[in-house]
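Here the structure comes first, spelled out in structure tokens, and everything after it is commentary.
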Amino acid sequence: MKTATTLLAALVLTIPAGQTLSEESSQLLDDALSAAPPGLRDKVTVMDWENNVLQEGSSNYVCFPTPPTLQGTAPMCLDGPWQEWAGAWMNKQPFTTSSLGIAYMLAGDEGASNIDPYAEGETEDNQWVKEGPHLMVIVPDPKTLDSMSTDPHNGGPYVMWKGTDYAHIMIPARAE
């Protein structure tokens, strides 16, 4: 009887925890999907930052919720080349691509340095940018970025992290 009571108590205690996890997964899913265009949301795979699949998709895009280390919002949806880019960036490894890559951050982000891929906060000289909804593009030949502005306030696309292996085109996507 004592064993049955203990098992019943354990079961009762795990139900709220399971509900909390489900609610948390639902919030992570909603956050991640806010980065994708509406027509892509039911086709993307969504993973949390521990690589748990929250939604299985049919496209080559994987969406992630805002990283748990950040305050605010910064979910993203990455195609195959961008997933490789992200792996290299997170591990501070060299990166080149042979393919064009497109990523979505349609919920915007809370900010990043426009010149330092590893800056953790705003300084007087790191061109901190809080970007609204945007797309990001990586290109196989970094020389194609030479003619583009690096000014995030120029009113159009610009190159972020120019001169690094992680250079990419930022394309603001807000309606004005």
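Simple scheme: letters A, B, ... for chains in structure tokens order, numbers from 1 for residues in each chain, numbers from 1 for ligands in the order shown.
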- prompt: Near Pro81 in chain A, within 8 Å and counting only C-alpha atoms, which residues show up once chain neighbours fewer than 5 positions away are dropped, as a PyMOL selection string?
  reply: chain A and resi 97+99-102+138
- Query: How would you write, as a VMD selection string, the set of residues in range 10-170 of chain A that DSSP gives as helix (DSSP H, G or I)?
  - Reply: chain A and resid 10 to 33 38 to 40 80 to 90 142 to 145
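Relative to CA of Ser58 in chain A, CA of Val44 in chain A is found at 6.3 Å.
Put simply, CA of Met76 in chain A is 20.9 Å away from CA of Pro140 in chain A.
In this structure, CA of Ala107 in chain A sits 19.6 Å away from CA of Val159 in chain A.
Among the candidate residues A:Ala119, A:Met160, A:Ala103, A:Ala35, the one lying nearest to Asn60 in chain A is A:Ala103, with distances computed using only C-alpha atoms.
When the distance limit is 6 Å and only C-alpha atoms are what count, the residues near His134 in chain A, minus those fewer than 5 positions from it on the same chain, are A:Met105, A:Leu106, A:Ile171, A:Pro172, A:Ala173.
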| said: Using only C-alpha atoms, which protein or nucleic acid residues come within 10 Å of Thr73 in chain A? Drop anything in the same chain fewer than 6 positions from it, and give the result as a count of residues only. | reply: 13
